[in-house]
Amino acid sequence: MSTLYIAPSACSLASHALVYELGLPIQIEKVAVRTPDSPIHAVNPLGRVPALVLEDGSLLTENTALLPYLADLKPEAGLFAPVGSAERAQIQRWLGYLATEIHVGCFRPLRRPERYSDEVSTHPGIQAKARQQLHQALLHVEQHLQGKTWLVAERYTIADLYLSVVAGWLLPLGEPFTELTAINRLRDSVRARPAVQKALKLEGLIP
Ligand SMILES: N[C@@H](CCC(=O)N[C@@H](CS)C(=O)NCC(=O)O)C(=O)O
């Protein structure tokens, strides 16, 4: 059986919930990150989640690879789209945007300024700029969602699931992020889904 390594409230929540959405026979292993003695270091040399160890022992990482891979195991669920379709490319477009422009581009400097400068006095400046850029990057998503319920093709896909996880990190940030009403609405409707509730519970994020 394959094993998916996750950490509570990390981006791995998207793959974790997807396993339940699709009813896949994948074992879930909860680990700590940013902890030197965490078992994740023996699994993924980068020490990051999500990390999927396949039955043959090979390792698959990166949200942009994992979410499509898992969704393709059950195409009939309709959470992704057929190979060669424009819909598939649009879903991949949003996965890429969320992973690069928003997650690593903005949340990483916001939460880990020490990775950008050893000089502690520069950290508040790095974080303030990252917060500003995060808002700018999310406005692009917010504008795209005007008049729409979902990111692509008016149906729930892995792009929405990933956006809901990233949007979950906005909750403690307050203004002006609370004004991103389309993103916040999408997050809440995805989080209400039974599969996502199950993942949130297992990660200890809801009672
Ligand atoms: N590019 C990776 C980023 C994964 C990532 O940064 N995961 C975070 C949790 S959200 C993590 O494991 N951080 C621990 C660390 O960087 O040491 C992906 O998209 O999967």
# chains A, B, ... in the order shown; residues from 1 in each chain; ligands from 1
>>> residues_around(residues="Gly174 in chain A", least_positions_apart="5", cutoff="12 Å", atoms="only C-alpha atoms", output="list of chain:residue names")
A:Arg131, A:His135, A:Ala167, A:Gly168, A:Trp169, A:Glu179, A:Leu180, A:Asn184
>>> write_last_selection(atoms="C-alpha atoms", output="PDB file, in the first residue's frame")
ATOM      1  CA  ARG A 131       2.009  40.170   3.031  1.00  0.00           C
ATOM      2  CA  HIS A 135      -2.709  40.242  -1.179  1.00  0.00           C
ATOM      3  CA  ALA A 167      -7.070  30.163   1.836  1.00  0.00           C
ATOM      4  CA  GLY A 168      -7.259  28.403   5.223  1.00  0.00           C
ATOM      5  CA  TRP A 169      -3.933  30.058   6.075  1.00  0.00           C
ATOM      6  CA  GLU A 179     -12.398  41.179   2.121  1.00  0.00           C
ATOM      7  CA  LEU A 180     -11.546  38.457  -0.408  1.00  0.00           C
ATOM      8  CA  ASN A 184     -13.285  32.908   1.507  1.00  0.00           C
TER       9      ASN A 184
END
>>> residues_around(residues="Leu138 in chain A", least_positions_apart="4", cutoff="12 Å", atoms="only C-alpha atoms", output="PyMOL selection string")
chain A and resi 94+97-98+101-103+105-107+130-134+142-145+163+166-167+170+176-184
>>> write_last_selection(atoms="N, CA and C atoms", output="tab-separated table (two decimals), in the first residue's frame")
chain	number	residue	atom	x	y	z
A	94	TRP	N	-3.91	26.77	-12.44
A	94	TRP	CA	-4.19	27.26	-11.08
A	94	TRP	C	-3.36	26.52	-10.04
A	97	TYR	N	-0.07	28.26	-10.22
A	97	TYR	CA	-0.14	29.62	-9.65
A	97	TYR	C	-0.15	29.55	-8.13
A	98	LEU	N	-0.95	28.64	-7.59
A	98	LEU	CA	-1.06	28.53	-6.12
A	98	LEU	C	0.26	28.05	-5.51
A	101	GLU	N	3.37	31.16	-7.14
A	101	GLU	CA	3.15	32.59	-6.85
A	101	GLU	C	2.69	32.81	-5.41
A	102	ILE	N	1.83	31.92	-4.92
A	102	ILE	CA	1.22	32.17	-3.62
A	102	ILE	C	1.91	31.41	-2.48
A	103	HIS	N	1.99	30.08	-2.61
A	103	HIS	CA	2.55	29.30	-1.50
A	103	HIS	C	4.02	29.65	-1.28
A	105	GLY	N	5.96	31.68	-3.17
A	105	GLY	CA	6.28	33.08	-3.46
A	105	GLY	C	5.94	34.03	-2.33
A	106	CYS	N	4.84	33.77	-1.62
A	106	CYS	CA	4.40	34.73	-0.59
A	106	CYS	C	4.37	34.14	0.82
A	107	PHE	N	3.76	32.95	0.97
A	107	PHE	CA	3.65	32.42	2.34
A	107	PHE	C	5.02	32.05	2.92
A	130	ALA	N	6.01	40.54	1.88
A	130	ALA	CA	5.37	39.28	1.49
A	130	ALA	C	3.86	39.37	1.68
A	131	ARG	N	3.44	40.01	2.75
A	131	ARG	CA	2.01	40.17	3.03
A	131	ARG	C	1.34	41.01	1.93
A	132	GLN	N	2.04	42.05	1.52
A	132	GLN	CA	1.53	42.91	0.45
A	132	GLN	C	1.43	42.13	-0.86
A	133	GLN	N	2.50	41.36	-1.16
A	133	GLN	CA	2.51	40.59	-2.40
A	133	GLN	C	1.47	39.48	-2.38
A	134	LEU	N	1.25	38.91	-1.19
A	134	LEU	CA	0.23	37.87	-1.04
A	134	LEU	C	-1.14	38.44	-1.40
A	142	GLU	N	-9.17	36.34	-6.82
A	142	GLU	CA	-10.47	36.91	-6.44
A	142	GLU	C	-11.19	37.46	-7.68
A	143	GLN	N	-10.44	38.16	-8.52
A	143	GLN	CA	-11.05	38.72	-9.73
A	143	GLN	C	-11.52	37.61	-10.67
A	144	HIS	N	-10.70	36.58	-10.79
A	144	HIS	CA	-11.08	35.45	-11.65
A	144	HIS	C	-12.37	34.79	-11.15
A	145	LEU	N	-12.56	34.79	-9.84
A	145	LEU	CA	-13.73	34.08	-9.26
A	145	LEU	C	-15.03	34.91	-9.32
A	163	LEU	N	-6.76	25.52	-3.48
A	163	LEU	CA	-7.03	26.92	-3.09
A	163	LEU	C	-7.63	26.98	-1.68
A	166	VAL	N	-4.83	26.73	0.91
A	166	VAL	CA	-4.05	27.98	0.97
A	166	VAL	C	-4.89	29.09	1.62
A	167	ALA	N	-6.18	29.13	1.27
A	167	ALA	CA	-7.07	30.16	1.84
A	167	ALA	C	-7.31	29.93	3.32
A	170	LEU	N	-5.24	32.05	5.50
A	170	LEU	CA	-5.56	33.49	5.59
A	170	LEU	C	-6.33	33.81	6.86
A	176	PRO	N	-6.33	42.88	4.97
A	176	PRO	CA	-7.47	43.01	4.07
A	176	PRO	C	-7.95	41.66	3.52
A	177	PHE	N	-7.43	40.57	4.09
A	177	PHE	CA	-7.72	39.25	3.50
A	177	PHE	C	-9.18	38.83	3.72
A	178	THR	N	-9.80	39.36	4.78
A	178	THR	CA	-11.20	39.03	5.04
A	178	THR	C	-12.12	39.59	3.94
A	179	GLU	N	-11.58	40.57	3.19
A	179	GLU	CA	-12.40	41.18	2.12
A	179	GLU	C	-12.39	40.36	0.83
A	180	LEU	N	-11.59	39.31	0.79
A	180	LEU	CA	-11.55	38.46	-0.41
A	180	LEU	C	-12.73	37.49	-0.34
A	181	THR	N	-13.91	38.02	-0.59
A	181	THR	CA	-15.13	37.26	-0.28
A	181	THR	C	-15.30	36.01	-1.14
A	182	ALA	N	-14.92	36.09	-2.42
A	182	ALA	CA	-15.10	34.91	-3.28
A	182	ALA	C	-14.17	33.77	-2.84
A	183	ILE	N	-12.94	34.12	-2.52
A	183	ILE	CA	-11.97	33.11	-2.06
A	183	ILE	C	-12.44	32.53	-0.73
A	184	ASN	N	-12.86	33.39	0.18
A	184	ASN	CA	-13.29	32.91	1.51
A	184	ASN	C	-14.53	32.03	1.40
>>> residues_around(residues="range 63-66 of chain A", least_positions_apart="2", cutoff="9 Å", atoms="only C-alpha atoms", output="MDAnalysis selection string")
chainID A and resid 11:12 14:15 49:52 60:61 68:71 92 95:96 99 162
>>> select_by_dssp(residues="range 51-205 of chain A", states="strand (DSSP E or B)", output="list in words")
Ala51, Leu52, Val53, Leu59, Leu60 and Thr61 of chain A
>>> closest_residue(among="A:Arg111, A:His140, A:Val83, A:Gly57", to="Ile126 in chain A", atoms="only C-alpha atoms")
A:Arg111
>>> select_by_dssp(residues="range 75-127 of chain A", states="helix (DSSP H, G or I)", output="PyMOL selection string")
chain A and resi 75-77+86-111+113-115+120-127
>>> residues_around(residues="Ala195 in chain A", least_positions_apart="5", cutoff="12 Å", atoms="only C-alpha atoms", output="list in words")
Leu13, Ala14, Ser15, His16, Ala17, Leu18, Val19, Tyr20, Glu21, Leu22, Gly23, Leu24, Leu161, Ser189, Val190, Leu200, Lys201 and Leu202 of chain A
>>> closest_residue(among="A:Ala42, A:Met1, A:Leu151, A:Leu205", to="Pro25 in chain A", atoms="only C-alpha atoms")
A:Met1
>>> closest_residue(among="A:Leu73, A:Val104, A:Ala89, A:Ile158", to="ligand 1", atoms="only C-alpha atoms and all ligand atoms")
A:Val104
>>> atom_distance(atom1="CA of Asp56 in chain A", atom2="CA of Val43 in chain A")
13.6 Å
>>> residues_around(residues="Thr35 in chain A", least_positions_apart="5", cutoff="12 Å", atoms="only C-alpha atoms", output="VMD selection string")
chain A and resid 7 40 to 41 47 to 48
>>> atom_distance(atom1="atom 4 (C, counted along the ligand's line) of ligand 1", atom2="CA of Asp160 in chain A")
17.6 Å
>>> atom_distance(atom1="CA of Arg108 in chain A", atom2="CA of Val120 in chain A")
15.8 Å
>>> closest_residue(among="A:Ala86, A:Leu59, A:Val33, A:Ile28", to="ligand 1", atoms="only C-alpha atoms and all ligand atoms")
A:Val33
>>> closest_residue(among="A:Pro194, A:Arg112, A:Gln90, A:Ala199", to="ligand 1", atoms="only C-alpha atoms and all ligand atoms")
A:Arg112
>>> decode(residues="range 140-153 of chain A", atoms="all heavy atoms", output="PDB file, in the first residue's frame")
ATOM      1  N   HIS A 140      -5.752  38.579  -7.902  1.00  0.00           N
ATOM      2  CA  HIS A 140      -5.860  37.973  -9.233  1.00  0.00           C
ATOM      3  C   HIS A 140      -6.835  36.779  -9.198  1.00  0.00           C
ATOM      4  O   HIS A 140      -7.658  36.611 -10.092  1.00  0.00           O
ATOM      5  CB  HIS A 140      -4.462  37.525  -9.687  1.00  0.00           C
ATOM      6  CG  HIS A 140      -4.436  36.790 -10.973  1.00  0.00           C
ATOM      7  ND1 HIS A 140      -4.848  37.354 -12.165  1.00  0.00           N
ATOM      8  CD2 HIS A 140      -4.061  35.513 -11.277  1.00  0.00           C
ATOM      9  CE1 HIS A 140      -4.727  36.455 -13.132  1.00  0.00           C
ATOM     10  NE2 HIS A 140      -4.255  35.329 -12.622  1.00  0.00           N
ATOM     11  N   VAL A 141      -6.756  35.991  -8.142  1.00  0.00           N
ATOM     12  CA  VAL A 141      -7.655  34.837  -7.981  1.00  0.00           C
ATOM     13  C   VAL A 141      -9.077  35.352  -7.702  1.00  0.00           C
ATOM     14  O   VAL A 141     -10.058  34.864  -8.283  1.00  0.00           O
ATOM     15  CB  VAL A 141      -7.186  33.919  -6.827  1.00  0.00           C
ATOM     16  CG1 VAL A 141      -8.080  32.710  -6.694  1.00  0.00           C
ATOM     17  CG2 VAL A 141      -5.732  33.510  -7.011  1.00  0.00           C
ATOM     18  N   GLU A 142      -9.166  36.340  -6.818  1.00  0.00           N
ATOM     19  CA  GLU A 142     -10.466  36.906  -6.440  1.00  0.00           C
ATOM     20  C   GLU A 142     -11.186  37.455  -7.679  1.00  0.00           C
ATOM     21  O   GLU A 142     -12.384  37.217  -7.868  1.00  0.00           O
ATOM     22  CB  GLU A 142     -10.236  38.012  -5.396  1.00  0.00           C
ATOM     23  CG  GLU A 142     -11.480  38.701  -4.886  1.00  0.00           C
ATOM     24  CD  GLU A 142     -12.320  37.859  -3.922  1.00  0.00           C
ATOM     25  OE1 GLU A 142     -11.844  36.792  -3.472  1.00  0.00           O
ATOM     26  OE2 GLU A 142     -13.455  38.272  -3.653  1.00  0.00           O
ATOM     27  N   GLN A 143     -10.438  38.156  -8.524  1.00  0.00           N
ATOM     28  CA  GLN A 143     -11.055  38.716  -9.732  1.00  0.00           C
ATOM     29  C   GLN A 143     -11.520  37.611 -10.668  1.00  0.00           C
ATOM     30  O   GLN A 143     -12.606  37.679 -11.234  1.00  0.00           O
ATOM     31  CB  GLN A 143     -10.073  39.651 -10.451  1.00  0.00           C
ATOM     32  CG  GLN A 143     -10.145  41.068  -9.872  1.00  0.00           C
ATOM     33  CD  GLN A 143      -8.846  41.835 -10.033  1.00  0.00           C
ATOM     34  OE1 GLN A 143      -7.969  41.453 -10.815  1.00  0.00           O
ATOM     35  NE2 GLN A 143      -8.702  42.907  -9.268  1.00  0.00           N
ATOM     36  N   HIS A 144     -10.702  36.579 -10.788  1.00  0.00           N
ATOM     37  CA  HIS A 144     -11.076  35.446 -11.648  1.00  0.00           C
ATOM     38  C   HIS A 144     -12.366  34.786 -11.153  1.00  0.00           C
ATOM     39  O   HIS A 144     -13.168  34.301 -11.950  1.00  0.00           O
ATOM     40  CB  HIS A 144      -9.938  34.421 -11.675  1.00  0.00           C
ATOM     41  CG  HIS A 144     -10.301  33.159 -12.395  1.00  0.00           C
ATOM     42  ND1 HIS A 144     -10.289  33.064 -13.767  1.00  0.00           N
ATOM     43  CD2 HIS A 144     -10.743  31.956 -11.930  1.00  0.00           C
ATOM     44  CE1 HIS A 144     -10.702  31.852 -14.116  1.00  0.00           C
ATOM     45  NE2 HIS A 144     -10.977  31.155 -13.021  1.00  0.00           N
ATOM     46  N   LEU A 145     -12.565  34.785  -9.840  1.00  0.00           N
ATOM     47  CA  LEU A 145     -13.734  34.084  -9.255  1.00  0.00           C
ATOM     48  C   LEU A 145     -15.029  34.911  -9.320  1.00  0.00           C
ATOM     49  O   LEU A 145     -16.085  34.396  -8.946  1.00  0.00           O
ATOM     50  CB  LEU A 145     -13.441  33.713  -7.798  1.00  0.00           C
ATOM     51  CG  LEU A 145     -12.577  32.465  -7.564  1.00  0.00           C
ATOM     52  CD1 LEU A 145     -12.236  32.328  -6.087  1.00  0.00           C
ATOM     53  CD2 LEU A 145     -13.250  31.196  -8.077  1.00  0.00           C
ATOM     54  N   GLN A 146     -14.935  36.176  -9.769  1.00  0.00           N
ATOM     55  CA  GLN A 146     -16.163  36.989  -9.812  1.00  0.00           C
ATOM     56  C   GLN A 146     -17.201  36.313 -10.713  1.00  0.00           C
ATOM     57  O   GLN A 146     -16.916  35.965 -11.859  1.00  0.00           O
ATOM     58  CB  GLN A 146     -15.860  38.415 -10.321  1.00  0.00           C
ATOM     59  CG  GLN A 146     -14.992  39.230  -9.369  1.00  0.00           C
ATOM     60  CD  GLN A 146     -15.463  39.188  -7.909  1.00  0.00           C
ATOM     61  OE1 GLN A 146     -16.575  39.575  -7.604  1.00  0.00           O
ATOM     62  NE2 GLN A 146     -14.613  38.683  -7.017  1.00  0.00           N
ATOM     63  N   GLY A 147     -18.404  36.110 -10.183  1.00  0.00           N
ATOM     64  CA  GLY A 147     -19.480  35.480 -10.958  1.00  0.00           C
ATOM     65  C   GLY A 147     -19.318  33.981 -11.108  1.00  0.00           C
ATOM     66  O   GLY A 147     -20.039  33.340 -11.873  1.00  0.00           O
ATOM     67  N   LYS A 148     -18.330  33.411 -10.415  1.00  0.00           N
ATOM     68  CA  LYS A 148     -18.087  31.959 -10.525  1.00  0.00           C
ATOM     69  C   LYS A 148     -18.101  31.340  -9.132  1.00  0.00           C
ATOM     70  O   LYS A 148     -17.807  32.016  -8.145  1.00  0.00           O
ATOM     71  CB  LYS A 148     -16.704  31.678 -11.125  1.00  0.00           C
ATOM     72  CG  LYS A 148     -16.464  32.169 -12.514  1.00  0.00           C
ATOM     73  CD  LYS A 148     -15.103  31.613 -12.985  1.00  0.00           C
ATOM     74  CE  LYS A 148     -14.779  32.009 -14.410  1.00  0.00           C
ATOM     75  NZ  LYS A 148     -14.314  33.400 -14.495  1.00  0.00           N
ATOM     76  N   THR A 149     -18.408  30.059  -9.060  1.00  0.00           N
ATOM     77  CA  THR A 149     -18.339  29.345  -7.783  1.00  0.00           C
ATOM     78  C   THR A 149     -16.981  28.664  -7.652  1.00  0.00           C
ATOM     79  O   THR A 149     -16.411  28.596  -6.559  1.00  0.00           O
ATOM     80  CB  THR A 149     -19.450  28.279  -7.712  1.00  0.00           C
ATOM     81  OG1 THR A 149     -20.687  28.918  -8.025  1.00  0.00           O
ATOM     82  CG2 THR A 149     -19.539  27.636  -6.338  1.00  0.00           C
ATOM     83  N   TRP A 150     -16.489  28.143  -8.773  1.00  0.00           N
ATOM     84  CA  TRP A 150     -15.235  27.365  -8.769  1.00  0.00           C
ATOM     85  C   TRP A 150     -14.219  27.965  -9.726  1.00  0.00           C
ATOM     86  O   TRP A 150     -14.597  28.743 -10.613  1.00  0.00           O
ATOM     87  CB  TRP A 150     -15.534  25.910  -9.177  1.00  0.00           C
ATOM     88  CG  TRP A 150     -16.607  25.266  -8.353  1.00  0.00           C
ATOM     89  CD1 TRP A 150     -17.848  24.888  -8.779  1.00  0.00           C
ATOM     90  CD2 TRP A 150     -16.548  24.930  -6.956  1.00  0.00           C
ATOM     91  NE1 TRP A 150     -18.564  24.339  -7.738  1.00  0.00           N
ATOM     92  CE2 TRP A 150     -17.789  24.348  -6.611  1.00  0.00           C
ATOM     93  CE3 TRP A 150     -15.571  25.048  -5.960  1.00  0.00           C
ATOM     94  CZ2 TRP A 150     -18.077  23.898  -5.310  1.00  0.00           C
ATOM     95  CZ3 TRP A 150     -15.857  24.617  -4.678  1.00  0.00           C
ATOM     96  CH2 TRP A 150     -17.089  24.037  -4.366  1.00  0.00           C
ATOM     97  N   LEU A 151     -12.968  27.568  -9.590  1.00  0.00           N
ATOM     98  CA  LEU A 151     -11.909  28.145 -10.424  1.00  0.00           C
ATOM     99  C   LEU A 151     -12.056  27.792 -11.898  1.00  0.00           C
ATOM    100  O   LEU A 151     -11.816  28.615 -12.767  1.00  0.00           O
ATOM    101  CB  LEU A 151     -10.532  27.659  -9.926  1.00  0.00           C
ATOM    102  CG  LEU A 151      -9.976  28.359  -8.683  1.00  0.00           C
ATOM    103  CD1 LEU A 151      -8.753  27.613  -8.151  1.00  0.00           C
ATOM    104  CD2 LEU A 151      -9.612  29.813  -8.988  1.00  0.00           C
ATOM    105  N   VAL A 152     -12.433  26.542 -12.170  1.00  0.00           N
ATOM    106  CA  VAL A 152     -12.458  26.068 -13.561  1.00  0.00           C
ATOM    107  C   VAL A 152     -13.755  25.319 -13.840  1.00  0.00           C
ATOM    108  O   VAL A 152     -14.191  24.494 -13.017  1.00  0.00           O
ATOM    109  CB  VAL A 152     -11.263  25.106 -13.837  1.00  0.00           C
ATOM    110  CG1 VAL A 152     -11.265  24.621 -15.288  1.00  0.00           C
ATOM    111  CG2 VAL A 152      -9.927  25.772 -13.501  1.00  0.00           C
ATOM    112  N   ALA A 153     -14.348  25.602 -14.975  1.00  0.00           N
ATOM    113  CA  ALA A 153     -15.429  24.775 -15.544  1.00  0.00           C
ATOM    114  C   ALA A 153     -16.661  24.629 -14.657  1.00  0.00           C
ATOM    115  O   ALA A 153     -17.417  23.680 -14.819  1.00  0.00           O
ATOM    116  CB  ALA A 153     -14.890  23.391 -15.908  1.00  0.00           C
TER     117      ALA A 153
END
